[in-house]
$ cat start.csv   # CSV, C-alpha atoms and all ligand atoms
chain,number,residue,atom,x,y,z
U,114,MET,CA,17.8,-17.5,137.3
U,115,GLU,CA,14.4,-17.6,139.0
U,116,ALA,CA,14.9,-14.5,141.1
U,117,SER,CA,11.5,-13.0,140.3
U,118,THR,CA,9.7,-16.1,141.6
U,119,VAL,CA,11.8,-16.3,144.8
U,120,THR,CA,10.6,-13.1,146.2
U,121,THR,CA,6.9,-13.6,145.4
U,122,ALA,CA,5.4,-17.1,145.2
U,123,PRO,CA,8.3,-19.6,145.1
U,124,VAL,CA,7.7,-22.4,142.6
U,125,ILE,CA,9.0,-25.4,144.5
U,126,ARG,CA,8.9,-28.8,142.8
U,127,THR,CA,8.1,-31.5,145.3
U,128,GLY,CA,8.8,-35.2,145.7
U,129,ALA,CA,9.6,-37.3,142.6
U,130,ARG,CA,9.5,-34.4,140.2
U,131,GLN,CA,12.2,-32.5,142.2
U,132,VAL,CA,14.3,-35.6,142.4
U,133,PHE,CA,14.0,-36.2,138.7
U,134,ALA,CA,14.8,-32.6,137.9
U,135,ASP,CA,17.8,-32.7,140.1
U,136,TYR,CA,19.3,-35.9,138.7
U,137,LEU,CA,18.6,-34.6,135.2
U,138,ASP,CA,20.4,-31.3,136.1
U,139,LEU,CA,23.4,-33.4,137.3
U,140,THR,CA,23.9,-34.6,133.6
U,141,LYS,CA,24.1,-30.9,132.3
U,142,PRO,CA,21.4,-31.5,129.7
U,143,LYS,CA,21.7,-28.2,127.8
U,144,VAL,CA,25.4,-28.8,127.1
U,145,GLN,CA,24.6,-32.3,126.1
U,146,SER,CA,22.3,-31.1,123.4
U,147,LEU,CA,25.2,-29.6,121.4
U,148,LEU,CA,27.5,-32.6,122.2
U,149,LEU,CA,24.9,-34.9,120.8
U,150,LEU,CA,24.4,-32.6,117.7
U,151,THR,CA,28.1,-32.9,116.9
U,152,THR,CA,27.9,-36.7,117.4
U,153,VAL,CA,24.8,-37.2,115.2
U,154,THR,CA,26.0,-34.9,112.4
U,155,THR,CA,29.4,-36.6,112.3
U,156,MET,CA,27.6,-40.0,112.1
U,157,LEU,CA,25.7,-38.7,109.0
U,158,VAL,CA,28.9,-37.5,107.4
U,159,ALA,CA,30.7,-40.8,108.1
U,160,GLY,CA,28.1,-42.9,106.4
U,161,THR,CA,24.4,-44.0,106.4
U,162,PRO,CA,23.8,-45.2,110.0
U,163,SER,CA,20.5,-46.8,111.0
U,164,VAL,CA,18.1,-44.9,113.3
U,165,GLY,CA,18.8,-47.6,115.9
U,166,LEU,CA,22.6,-47.0,115.7
U,167,ILE,CA,22.1,-43.3,116.0
U,168,LEU,CA,19.8,-43.7,119.0
U,169,LEU,CA,22.2,-46.1,120.8
U,170,THR,CA,25.2,-43.8,120.2
U,171,CYS,CA,23.2,-40.8,121.5
U,172,LEU,CA,22.2,-42.8,124.6
U,173,GLY,CA,25.8,-44.0,125.2
U,174,GLY,CA,27.2,-40.5,124.7
U,175,TYR,CA,24.5,-39.0,127.0
U,176,LEU,CA,25.3,-41.5,129.7
U,177,SER,CA,29.0,-41.0,129.6
U,178,ALA,CA,29.0,-37.1,129.3
U,179,GLY,CA,26.1,-37.0,131.8
U,180,GLY,CA,28.0,-39.2,134.2
U,181,ALA,CA,31.0,-36.8,133.8
U,182,GLY,CA,28.7,-33.9,134.6
U,183,ALA,CA,27.4,-35.6,137.7
U,184,VAL,CA,30.9,-36.3,139.0
U,185,ASN,CA,31.8,-32.7,138.1
U,186,HIS,CA,28.9,-31.5,140.3
U,187,TRP,CA,30.2,-33.8,143.1
U,188,TYR,CA,33.8,-32.6,142.9
U,189,ASP,CA,33.0,-28.9,142.5
U,190,ARG,CA,30.4,-28.7,145.2
U,191,ASP,CA,32.6,-26.5,147.4
U,192,ILE,CA,33.2,-23.7,144.9
U,193,ASP,CA,29.7,-24.1,143.3
U,194,LEU,CA,28.2,-23.2,146.8
U,195,GLN,CA,30.0,-19.9,146.7
U,196,MET,CA,29.0,-18.7,143.2
U,197,ALA,CA,25.6,-17.2,142.6
U,198,ARG,CA,25.3,-19.0,139.2
U,199,THR,CA,25.8,-22.4,140.7
U,200,ALA,CA,24.8,-22.2,144.4
U,201,ASP,CA,21.3,-23.7,143.8
U,202,ARG,CA,22.7,-26.8,142.0
U,203,PRO,CA,21.5,-30.1,143.4
U,204,VAL,CA,24.6,-30.9,145.5
U,205,PRO,CA,25.5,-27.5,147.0
U,206,SER,CA,21.9,-26.8,147.7
U,207,GLY,CA,21.7,-30.1,149.7
U,208,ARG,CA,19.0,-31.7,147.7
U,209,VAL,CA,21.3,-34.4,146.4
U,210,SER,CA,24.0,-35.8,148.7
U,211,PRO,CA,27.6,-35.7,147.4
U,212,ARG,CA,27.8,-39.5,147.7
U,213,ALA,CA,24.6,-40.0,145.6
U,214,ALA,CA,25.9,-37.6,142.9
U,215,LEU,CA,29.2,-39.5,142.7
U,216,THR,CA,27.6,-42.9,142.6
U,217,PHE,CA,25.1,-41.8,140.0
U,218,GLY,CA,27.9,-40.3,137.8
U,219,ILE,CA,30.1,-43.4,138.0
U,220,GLY,CA,27.1,-45.6,137.4
U,221,LEU,CA,26.2,-43.8,134.3
U,222,ALA,CA,29.8,-44.0,132.9
U,223,ILE,CA,29.9,-47.7,133.5
U,224,ALA,CA,26.4,-48.2,132.0
U,225,SER,CA,27.6,-46.2,128.9
U,226,PHE,CA,30.7,-48.3,128.5
U,227,VAL,CA,28.9,-51.6,128.8
U,228,LEU,CA,26.0,-50.5,126.5
U,229,MET,CA,28.3,-49.1,123.8
U,230,SER,CA,30.7,-52.1,124.0
U,231,LEU,CA,27.9,-54.6,123.6
U,232,THR,CA,25.8,-52.9,121.1
U,233,ILE,CA,28.1,-50.6,119.0
U,234,ASN,CA,31.8,-51.3,119.3
U,235,VAL,CA,34.6,-51.2,121.8
U,236,LEU,CA,36.4,-48.3,120.1
U,237,ALA,CA,33.3,-46.0,120.3
U,238,ALA,CA,32.8,-47.1,124.0
U,239,SER,CA,36.5,-46.4,124.8
U,240,LEU,CA,36.5,-43.0,123.1
U,241,SER,CA,33.4,-42.1,125.0
U,242,PHE,CA,34.9,-43.2,128.2
U,243,SER,CA,38.0,-41.2,127.4
U,244,GLY,CA,35.7,-38.1,127.3
U,245,PHE,CA,34.5,-39.0,130.8
U,246,VAL,CA,38.1,-39.3,132.1
U,247,GLY,CA,39.1,-36.1,130.3
U,248,TYR,CA,36.3,-34.0,131.7
U,249,VAL,CA,36.4,-35.5,135.2
U,250,GLY,CA,40.0,-36.4,135.8
U,251,VAL,CA,42.0,-34.1,133.5
U,252,TYR,CA,39.8,-30.9,133.5
U,253,THR,CA,37.8,-30.9,136.8
U,254,MET,CA,40.2,-32.6,139.2
U,255,TRP,CA,43.6,-31.8,137.8
U,256,LEU,CA,43.6,-28.6,135.7
U,257,LYS,CA,40.6,-26.4,136.5
U,258,ARG,CA,41.9,-25.1,139.8
U,259,ARG,CA,45.6,-25.2,138.9
U,260,THR,CA,46.3,-23.5,135.5
U,261,VAL,CA,45.1,-20.8,133.2
U,262,GLN,CA,45.3,-23.3,130.4
U,263,ASN,CA,42.6,-25.5,132.1
U,264,ILE,CA,40.0,-25.2,129.4
U,265,VAL,CA,42.4,-25.3,126.5
U,266,ILE,CA,43.7,-28.7,127.5
U,267,GLY,CA,40.6,-29.9,129.2
U,268,GLY,CA,38.5,-28.8,126.2
U,269,ALA,CA,39.7,-31.9,124.4
U,270,ALA,CA,37.1,-33.9,126.4
U,271,GLY,CA,34.3,-32.0,124.8
U,272,ALA,CA,35.8,-32.5,121.4
U,273,VAL,CA,35.6,-36.3,121.7
U,274,PRO,CA,31.9,-36.8,120.5
U,275,PRO,CA,32.8,-36.5,116.7
U,276,LEU,CA,35.4,-39.3,117.2
U,277,VAL,CA,32.7,-41.4,119.0
U,278,GLY,CA,30.2,-40.8,116.2
U,279,TRP,CA,32.7,-41.6,113.5
U,280,ALA,CA,33.9,-44.8,115.3
U,281,ALA,CA,30.3,-45.9,115.9
U,282,VAL,CA,29.6,-45.8,112.1
U,283,THR,CA,32.9,-47.0,110.7
U,284,GLY,CA,34.5,-48.9,113.5
U,285,SER,CA,37.6,-46.7,113.1
U,286,VAL,CA,38.8,-43.1,113.3
U,287,SER,CA,39.8,-41.4,110.1
U,288,TRP,CA,41.7,-38.1,109.4
U,289,ILE,CA,38.4,-36.3,108.8
U,290,ALA,CA,37.1,-37.3,112.3
U,291,VAL,CA,40.4,-35.9,113.7
U,292,TYR,CA,39.7,-32.6,111.9
U,293,LEU,CA,36.2,-32.4,113.4
U,294,PHE,CA,37.8,-33.1,116.8
U,295,ALA,CA,40.2,-30.2,116.2
U,296,ILE,CA,37.3,-27.9,115.2
U,297,VAL,CA,35.6,-28.4,118.6
U,298,PHE,CA,38.9,-28.2,120.4
U,299,PHE,CA,39.8,-24.8,118.9
U,300,TRP,CA,36.2,-23.6,119.3
U,301,THR,CA,36.1,-24.3,123.1
U,302,PRO,CA,38.4,-21.5,124.3
U,303,PRO,CA,36.6,-18.6,122.6
U,304,HIS,CA,33.2,-20.2,123.6
U,305,PHE,CA,34.2,-20.3,127.2
U,306,TRP,CA,36.4,-17.2,127.5
U,307,ALA,CA,33.7,-14.9,126.1
U,308,LEU,CA,31.4,-16.1,128.9
U,309,SER,CA,34.2,-16.0,131.5
U,310,ILE,CA,34.6,-12.3,131.0
U,311,LEU,CA,31.1,-12.0,132.5
U,312,MET,CA,31.8,-14.5,135.3
U,313,LYS,CA,35.3,-13.2,136.2
U,314,ASP,CA,34.4,-11.9,139.7
U,315,GLU,CA,32.8,-15.2,140.7
U,316,TYR,CA,35.8,-17.2,139.5
U,317,ALA,CA,38.2,-14.8,141.3
U,318,LYS,CA,36.1,-15.2,144.5
U,319,VAL,CA,36.6,-18.9,144.5
U,320,GLY,CA,40.2,-18.8,143.3
U,321,VAL,CA,39.7,-20.6,139.9
U,322,PRO,CA,42.5,-19.4,137.6
U,323,MET,CA,40.4,-18.6,134.5
U,324,LEU,CA,42.1,-16.4,131.9
U,325,PRO,CA,40.4,-13.0,132.7
U,326,VAL,CA,41.2,-13.5,136.5
U,327,VAL,CA,44.9,-14.3,135.9
U,328,ARG,CA,45.8,-12.3,132.8
U,329,GLY,CA,43.0,-9.7,132.7
U,330,GLU,CA,40.1,-8.9,130.4
U,331,GLN,CA,42.2,-7.2,127.7
U,332,GLU,CA,44.4,-10.3,127.3
U,333,THR,CA,41.3,-12.5,127.3
U,334,ARG,CA,39.8,-10.5,124.4
U,335,ARG,CA,43.2,-10.8,122.5
U,336,GLN,CA,43.3,-14.6,123.0
U,337,ILE,CA,39.6,-14.9,121.9
U,338,LEU,CA,40.5,-13.1,118.7
U,339,LEU,CA,43.6,-15.3,118.2
U,340,TYR,CA,41.6,-18.5,118.7
U,341,SER,CA,38.8,-17.3,116.4
U,342,VAL,CA,41.3,-16.9,113.6
U,343,LEU,CA,42.9,-20.3,114.4
U,344,LEU,CA,39.4,-21.8,114.5
U,345,TYR,CA,38.7,-20.5,111.0
U,346,ALA,CA,42.0,-22.0,109.7
U,347,VAL,CA,41.2,-25.3,111.3
U,348,THR,CA,37.7,-25.4,109.7
U,349,GLN,CA,39.3,-25.1,106.3
U,350,LEU,CA,41.5,-28.2,106.8
U,351,PRO,CA,38.7,-30.8,106.0
U,352,TYR,CA,37.8,-28.8,102.8
U,353,CYS,CA,41.5,-28.6,101.7
U,354,ALA,CA,41.9,-32.3,102.3
U,355,GLY,CA,39.0,-33.0,100.1
U,356,GLY,CA,36.6,-34.1,102.8
U,357,PHE,CA,33.9,-31.5,101.9
U,358,GLY,CA,32.7,-29.5,98.9
U,359,THR,CA,31.3,-26.1,98.1
U,360,ILE,CA,28.4,-26.1,100.6
U,361,TYR,CA,30.8,-26.6,103.5
U,362,LEU,CA,33.3,-24.1,102.1
U,363,VAL,CA,30.7,-21.3,101.8
U,364,ALA,CA,29.1,-22.1,105.2
U,365,SER,CA,32.5,-22.3,107.0
U,366,LEU,CA,33.7,-19.1,105.4
U,367,GLY,CA,30.5,-17.2,106.3
U,368,LEU,CA,30.4,-18.5,109.9
U,369,GLY,CA,34.1,-18.1,110.4
U,370,LEU,CA,34.0,-14.5,109.2
U,371,ALA,CA,31.1,-13.8,111.5
U,372,PHE,CA,33.0,-15.4,114.5
U,373,ILE,CA,36.1,-13.3,113.7
U,374,GLY,CA,33.9,-10.2,113.3
U,375,GLY,CA,32.3,-10.8,116.7
U,376,ALA,CA,35.8,-11.3,118.3
U,377,VAL,CA,37.1,-8.1,116.7
U,378,LYS,CA,34.0,-6.2,118.0
U,379,LEU,CA,34.6,-7.6,121.5
U,380,TYR,CA,38.3,-6.7,121.2
U,381,ARG,CA,37.5,-3.1,120.2
U,382,ASP,CA,34.4,-2.3,122.2
U,383,ALA,CA,35.5,-4.2,125.4
U,384,ASP,CA,32.0,-4.3,126.7
U,385,ARG,CA,29.9,-7.0,128.4
U,386,ALA,CA,27.2,-7.0,125.7
U,387,ALA,CA,29.8,-7.9,123.0
U,388,ALA,CA,31.0,-10.8,125.2
U,389,LEU,CA,27.5,-12.2,125.8
U,390,LYS,CA,26.7,-11.9,122.1
U,391,LEU,CA,29.9,-13.8,121.1
U,392,TYR,CA,29.2,-16.5,123.7
U,393,LEU,CA,25.6,-17.0,122.3
U,394,PHE,CA,26.9,-16.8,118.8
U,395,SER,CA,29.5,-19.5,119.5
U,396,LEU,CA,26.7,-22.0,120.3
U,397,ALA,CA,24.8,-21.2,117.0
U,398,TYR,CA,28.1,-21.3,115.1
U,399,LEU,CA,29.0,-24.8,116.1
U,400,ALA,CA,25.5,-26.2,115.5
U,401,ALA,CA,25.3,-24.5,112.1
U,402,LEU,CA,28.8,-25.6,111.1
U,403,PHE,CA,28.1,-29.3,111.8
U,404,VAL,CA,24.7,-29.1,110.1
U,405,SER,CA,26.4,-27.7,107.1
U,406,MET,CA,28.7,-30.7,107.0
U,407,VAL,CA,25.7,-33.0,106.7
U,408,ALA,CA,24.1,-30.8,104.0
U,409,ASP,CA,27.4,-30.9,102.1
U,410,ALA,CA,27.8,-34.7,102.4
U,411,LYS,CA,24.2,-35.5,101.6
U,412,LEU,CA,23.1,-32.9,99.0
F,1,LIG,C1,36.3,-27.1,128.8
F,1,LIG,C2,35.3,-26.9,128.0
F,1,LIG,C3,34.1,-26.1,128.3
F,1,LIG,C4,33.8,-25.2,129.3
F,1,LIG,C5,34.7,-24.8,130.5
F,1,LIG,C6,32.5,-24.7,129.1
F,1,LIG,C7,31.8,-23.8,129.9
F,1,LIG,C8,30.6,-23.4,129.8
F,1,LIG,C9,29.9,-22.6,130.8
F,1,LIG,C10,30.5,-22.1,132.1
F,1,LIG,C11,28.6,-22.4,130.3
F,1,LIG,C12,27.5,-21.6,131.0
F,1,LIG,C13,26.3,-22.3,131.3
F,1,LIG,C14,26.4,-23.2,132.5
F,1,LIG,O1,26.2,-22.7,133.6
F,1,LIG,O2,26.5,-24.4,132.3
F,1,LIG,C15,28.5,-23.1,129.1
F,1,LIG,C16,27.4,-23.2,128.3
F,1,LIG,C17,27.2,-24.0,127.2
F,1,LIG,N1,28.1,-24.8,126.7
F,1,LIG,FE1,30.1,-24.9,127.2
F,1,LIG,N2,31.9,-25.3,128.0
F,1,LIG,C18,32.9,-26.1,127.4
F,1,LIG,C19,32.7,-26.9,126.3
F,1,LIG,C20,31.6,-27.1,125.7
F,1,LIG,C21,31.4,-28.0,124.6
F,1,LIG,C22,32.5,-29.0,124.1
F,1,LIG,C23,30.1,-27.9,124.2
F,1,LIG,C24,29.4,-28.7,123.1
F,1,LIG,C25,29.9,-29.0,122.0
F,1,LIG,C26,29.5,-26.9,125.0
F,1,LIG,C27,28.2,-26.5,124.9
F,1,LIG,C28,27.6,-25.6,125.7
F,1,LIG,C29,26.2,-25.2,125.6
F,1,LIG,C30,25.1,-25.8,124.6
F,1,LIG,C31,25.9,-24.2,126.6
F,1,LIG,C32,24.6,-23.5,126.9
F,1,LIG,C33,24.0,-24.1,128.1
F,1,LIG,C34,22.9,-23.3,128.6
F,1,LIG,O3,22.2,-22.6,127.9
F,1,LIG,O4,22.7,-23.4,129.9
F,1,LIG,N3,30.4,-26.4,125.9
F,1,LIG,N4,29.7,-23.7,128.8
F,2,LIG,C1,32.1,-38.2,127.5
F,2,LIG,C2,32.2,-36.8,127.0
F,2,LIG,C3,32.3,-36.6,125.6
F,2,LIG,C4,32.3,-35.8,127.9
F,2,LIG,C5,32.1,-34.5,127.5
F,2,LIG,C6,32.7,-33.5,128.4
F,2,LIG,C7,31.8,-32.3,128.6
F,2,LIG,C8,30.5,-32.5,129.2
F,2,LIG,C9,32.3,-31.2,128.2
F,2,LIG,C10,31.6,-29.9,128.4
F,2,LIG,C11,32.4,-29.2,129.4
F,2,LIG,C12,31.7,-28.3,130.3
F,2,LIG,C13,30.2,-28.2,130.4
F,2,LIG,C14,32.4,-27.5,131.0
F,2,LIG,C15,31.8,-26.6,132.0
F,2,LIG,O1,32.9,-26.3,132.8
F,2,LIG,P1,32.7,-26.3,134.3
F,2,LIG,O2,32.4,-27.7,134.7
F,2,LIG,O3,33.9,-25.7,134.9
F,2,LIG,O4,31.5,-25.3,134.5
F,2,LIG,P2,30.5,-25.1,135.7
F,2,LIG,O5,31.1,-24.0,136.4
F,2,LIG,O6,29.2,-24.7,135.0
F,2,LIG,O7,30.4,-26.4,136.4
$ encode --input "start.csv" --output "structure tokens"
Amino acid sequence: MEASTVTTAPVIRTGARQVFADYLDLTKPKVQSLLLLTTVTTMLVAGTPSVGLILLTCLGGYLSAGGAGAVNHWYDRDIDLQMARTADRPVPSGRVSPRAALTFGIGLAIASFVLMSLTINVLAASLSFSGFVGYVGVYTMWLKRRTVQNIVIGGAAGAVPPLVGWAAVTGSVSWIAVYLFAIVFFWTPPHFWALSILMKDEYAKVGVPMLPVVRGEQETRRQILLYSVLLYAVTQLPYCAGGFGTIYLVASLGLGLAFIGGAVKLYRDADRAAALKLYLFSLAYLAALFVSMVADAKL
């Protein structure tokens, strides 16, 4: 990422700043921003939470997903070392020891469970912990290196935040929360597979059975298109069930058509630019869809 600075004057953070940056990196903060957005928007759809409850839920969610990220860094350090995208991560680079990353990750997960149980409710704490177990145990340790369905099944972990948000506000999980879970669940494969087309060679090098490595790029593009249509159908469920009104209907329709359009373009053009564009669009898509839910519920 910082190739230009490496050859000229390396920008090396020292001491405490480097340590802070490394431990922050272990928590995968950029991914967390979207996880937290789905949490907060769901909370606003579920009711009228206080600012304090929103902040506590975000802190608890960050600690548990961040803890999962840190344990993922620990477990994947062997393959991360061999891929250019990940070789400079805190553990494979040697800046953070494997044991420290593992301890840090488990510590954050415990802190999250205790904090959420004591200040929110046990259901929200347990759901958040299930996200940790799903990402670490199910995806990272069990499925990632074994099956081409790794991210389809493992993606359920990343879809847990709406359940956490709903449980934090209402103390239970309703059908609408389950639909929001399903939306993130069906969004994850096209989100990741679009990017995986660009990272295919690296995954092949380390033997991780991602879809383009095992079934080829053409099949990956076909599956992305299939999932983008499925995703559109799933986004209509909460509207059909009476959970949302016109604002959501129009937003989900427009966003869904744009997603399917991007997937069709990738299927037809079969080029890297279309894959990158669809991956980037997937991030904006999910954010906009969840924001539209709040607009629908509050306006
Ligand atoms: C099994 C599920 C998932 C897989 C395998 C996956 C994989 C990836 C990968 C490989 C990247 C590239 C950037 C990086 O190096 O980290 C990425 C980026 C990203 N993902 Fe996912 N993802 C998944 C689920 C999610 C979920 C559920 C969310 C949030 C709702 C999410 C949000 C993001 C964001 C915001 C980025 C951009 C990060 C950046 O700019 O560095 N991902 N994802
Ligand atoms: C508690 C809770 C809700 C947890 C959320 C789980 C979570 C952080 C989901 C996002 C998944 C993610 C970033 C996968 C990256 O795949 P990878 O680890 O294979 O990618 P990498 O090669 O970049 O490490």
$ residues_around --input "start.csv" --residues "region 376-381 of chain U" --least-positions-apart "3" --cutoff "6 Å" --atoms "only C-alpha atoms" --output "ChimeraX atom specification"
/U:334,338,373,387
$ residues_near_ligand --input "start.csv" --ligand "ligand LIG 2 (chain F)" --cutoff "6 Å" --atoms "only C-alpha atoms and all ligand atoms" --output "PyMOL selection string"
chain U and resi 144+177-178+182+241-242+244-245+248+270-271+273-274
$ residues_near_ligand --input "start.csv" --ligand "ligand LIG 1 (chain F)" --cutoff "6 Å" --atoms "all atoms listed in the file" --output "PyMOL selection string"
chain U and resi 143-144+147-148+264+267-268+271-272+301+305+396
$ residues_around --input "start.csv" --residues "Thr216 (chain U)" --least-positions-apart "6" --cutoff "12 Å" --atoms "only C-alpha atoms" --output "list in words"
Tyr136, Leu139, Gly180, Ala181, Ala183, Val184, Asn185, His186, Trp187, Val209, Ser210, Ala222, Ile223 and Ala224 of chain U
$ closest_residue --input "start.csv" --among "U:Ala383, U:Ala290, U:Gly284, U:Leu350" --to "Glu332 (chain U)" --atoms "all atoms listed in the file"
U:Ala383
$ closest_residue --input "start.csv" --among "U:Leu176, U:Ile192, U:Leu343, U:Ala388" --to "Leu370 (chain U)" --atoms "all atoms listed in the file"
U:Leu343
$ closest_residue --input "start.csv" --among "U:Pro302, U:Pro275, U:Pro325, U:Gly358" --to "Leu339 (chain U)" --atoms "only C-alpha atoms"
U:Pro302
$ residues_around --input "start.csv" --residues "region 308-310 of chain U" --least-positions-apart "4" --cutoff "9 Å" --atoms "all atoms listed in the file" --output "list in words"
Pro303, His304, Asp314, Tyr316, Met323, Leu324, Pro325, Val326, Gly329, Glu330, Thr333, Arg334, Arg385, Ala388, Leu389, Leu391, Tyr392 and Leu393 of chain U
$ atom_distance --input "start.csv" --atom1 "CA of Gly179 (chain U)" --atom2 "CA of Ala317 (chain U)"
27.0 Å
$ closest_residue --input "start.csv" --among "U:Val282, U:Asp193, U:Val291, U:Arg335" --to "Trp306 (chain U)" --atoms "all atoms listed in the file"
U:Arg335
$ atom_distance --input "start.csv" --atom1 "CA of Gly247 (chain U)" --atom2 "CA of Val319 (chain U)"
22.4 Å
$ closest_residue --input "start.csv" --among "U:Tyr188, U:Phe226, U:Phe294, U:Phe299" --to "Gly250 (chain U)" --atoms "all atoms listed in the file"
U:Tyr188
$ atom_distance --input "start.csv" --atom1 "CA of Ser365 (chain U)" --atom2 "CA of Gln349 (chain U)"
7.4 Å
$ closest_residue --input "start.csv" --among "U:Tyr252, U:Trp288, U:Tyr361, U:Tyr345" --to "Val407 (chain U)" --atoms "only C-alpha atoms"
U:Tyr361
$ decode --input "start.csv" --residues "region 335-356 of chain U" --atoms "N, CA and C atoms" --output "PDB file, in the first residue's frame"
ATOM      1  N   ARG U 335     -20.655 -15.748 -12.438  1.00  0.00           N
ATOM      2  CA  ARG U 335     -22.025 -16.266 -12.519  1.00  0.00           C
ATOM      3  C   ARG U 335     -22.671 -16.280 -11.126  1.00  0.00           C
ATOM      4  N   GLN U 336     -21.894 -16.732 -10.141  1.00  0.00           N
ATOM      5  CA  GLN U 336     -22.428 -16.805  -8.763  1.00  0.00           C
ATOM      6  C   GLN U 336     -22.670 -15.407  -8.185  1.00  0.00           C
ATOM      7  N   ILE U 337     -21.808 -14.462  -8.542  1.00  0.00           N
ATOM      8  CA  ILE U 337     -22.009 -13.078  -8.077  1.00  0.00           C
ATOM      9  C   ILE U 337     -23.347 -12.561  -8.603  1.00  0.00           C
ATOM     10  N   LEU U 338     -23.604 -12.834  -9.881  1.00  0.00           N
ATOM     11  CA  LEU U 338     -24.864 -12.394 -10.488  1.00  0.00           C
ATOM     12  C   LEU U 338     -26.052 -13.069  -9.793  1.00  0.00           C
ATOM     13  N   LEU U 339     -25.921 -14.360  -9.563  1.00  0.00           N
ATOM     14  CA  LEU U 339     -26.984 -15.106  -8.891  1.00  0.00           C
ATOM     15  C   LEU U 339     -27.272 -14.523  -7.497  1.00  0.00           C
ATOM     16  N   TYR U 340     -26.214 -14.293  -6.745  1.00  0.00           N
ATOM     17  CA  TYR U 340     -26.401 -13.756  -5.389  1.00  0.00           C
ATOM     18  C   TYR U 340     -26.922 -12.317  -5.410  1.00  0.00           C
ATOM     19  N   SER U 341     -26.572 -11.551  -6.437  1.00  0.00           N
ATOM     20  CA  SER U 341     -27.074 -10.169  -6.466  1.00  0.00           C
ATOM     21  C   SER U 341     -28.588 -10.163  -6.705  1.00  0.00           C
ATOM     22  N   VAL U 342     -29.080 -11.153  -7.465  1.00  0.00           N
ATOM     23  CA  VAL U 342     -30.534 -11.261  -7.676  1.00  0.00           C
ATOM     24  C   VAL U 342     -31.197 -11.757  -6.384  1.00  0.00           C
ATOM     25  N   LEU U 343     -30.578 -12.766  -5.756  1.00  0.00           N
ATOM     26  CA  LEU U 343     -31.098 -13.264  -4.471  1.00  0.00           C
ATOM     27  C   LEU U 343     -31.142 -12.150  -3.438  1.00  0.00           C
ATOM     28  N   LEU U 344     -30.057 -11.347  -3.406  1.00  0.00           N
ATOM     29  CA  LEU U 344     -29.978 -10.233  -2.458  1.00  0.00           C
ATOM     30  C   LEU U 344     -31.138  -9.276  -2.686  1.00  0.00           C
ATOM     31  N   TYR U 345     -31.396  -8.981  -3.953  1.00  0.00           N
ATOM     32  CA  TYR U 345     -32.512  -8.066  -4.242  1.00  0.00           C
ATOM     33  C   TYR U 345     -33.821  -8.640  -3.693  1.00  0.00           C
ATOM     34  N   ALA U 346     -34.031  -9.923  -3.930  1.00  0.00           N
ATOM     35  CA  ALA U 346     -35.272 -10.557  -3.450  1.00  0.00           C
ATOM     36  C   ALA U 346     -35.369 -10.472  -1.926  1.00  0.00           C
ATOM     37  N   VAL U 347     -34.253 -10.733  -1.263  1.00  0.00           N
ATOM     38  CA  VAL U 347     -34.268 -10.714   0.207  1.00  0.00           C
ATOM     39  C   VAL U 347     -34.542  -9.299   0.737  1.00  0.00           C
ATOM     40  N   THR U 348     -34.014  -8.287   0.031  1.00  0.00           N
ATOM     41  CA  THR U 348     -34.247  -6.912   0.507  1.00  0.00           C
ATOM     42  C   THR U 348     -35.728  -6.524   0.402  1.00  0.00           C
ATOM     43  N   GLN U 349     -36.490  -7.244  -0.419  1.00  0.00           N
ATOM     44  CA  GLN U 349     -37.914  -6.905  -0.550  1.00  0.00           C
ATOM     45  C   GLN U 349     -38.755  -7.539   0.559  1.00  0.00           C
ATOM     46  N   LEU U 350     -38.195  -8.546   1.238  1.00  0.00           N
ATOM     47  CA  LEU U 350     -38.975  -9.248   2.262  1.00  0.00           C
ATOM     48  C   LEU U 350     -39.470  -8.327   3.387  1.00  0.00           C
ATOM     49  N   PRO U 351     -38.578  -7.494   3.975  1.00  0.00           N
ATOM     50  CA  PRO U 351     -39.088  -6.649   5.061  1.00  0.00           C
ATOM     51  C   PRO U 351     -40.158  -5.668   4.592  1.00  0.00           C
ATOM     52  N   TYR U 352     -40.090  -5.245   3.331  1.00  0.00           N
ATOM     53  CA  TYR U 352     -41.153  -4.368   2.810  1.00  0.00           C
ATOM     54  C   TYR U 352     -42.452  -5.168   2.670  1.00  0.00           C
ATOM     55  N   CYS U 353     -42.347  -6.347   2.058  1.00  0.00           N
ATOM     56  CA  CYS U 353     -43.548  -7.170   1.834  1.00  0.00           C
ATOM     57  C   CYS U 353     -44.215  -7.535   3.159  1.00  0.00           C
ATOM     58  N   ALA U 354     -43.399  -7.709   4.187  1.00  0.00           N
ATOM     59  CA  ALA U 354     -43.960  -8.098   5.488  1.00  0.00           C
ATOM     60  C   ALA U 354     -44.469  -6.881   6.269  1.00  0.00           C
ATOM     61  N   GLY U 355     -44.395  -5.713   5.663  1.00  0.00           N
ATOM     62  CA  GLY U 355     -44.963  -4.522   6.297  1.00  0.00           C
ATOM     63  C   GLY U 355     -44.021  -3.794   7.244  1.00  0.00           C
ATOM     64  N   GLY U 356     -42.734  -4.152   7.223  1.00  0.00           N
ATOM     65  CA  GLY U 356     -41.777  -3.525   8.136  1.00  0.00           C
ATOM     66  C   GLY U 356     -41.353  -2.132   7.700  1.00  0.00           C
TER      67      GLY U 356
END
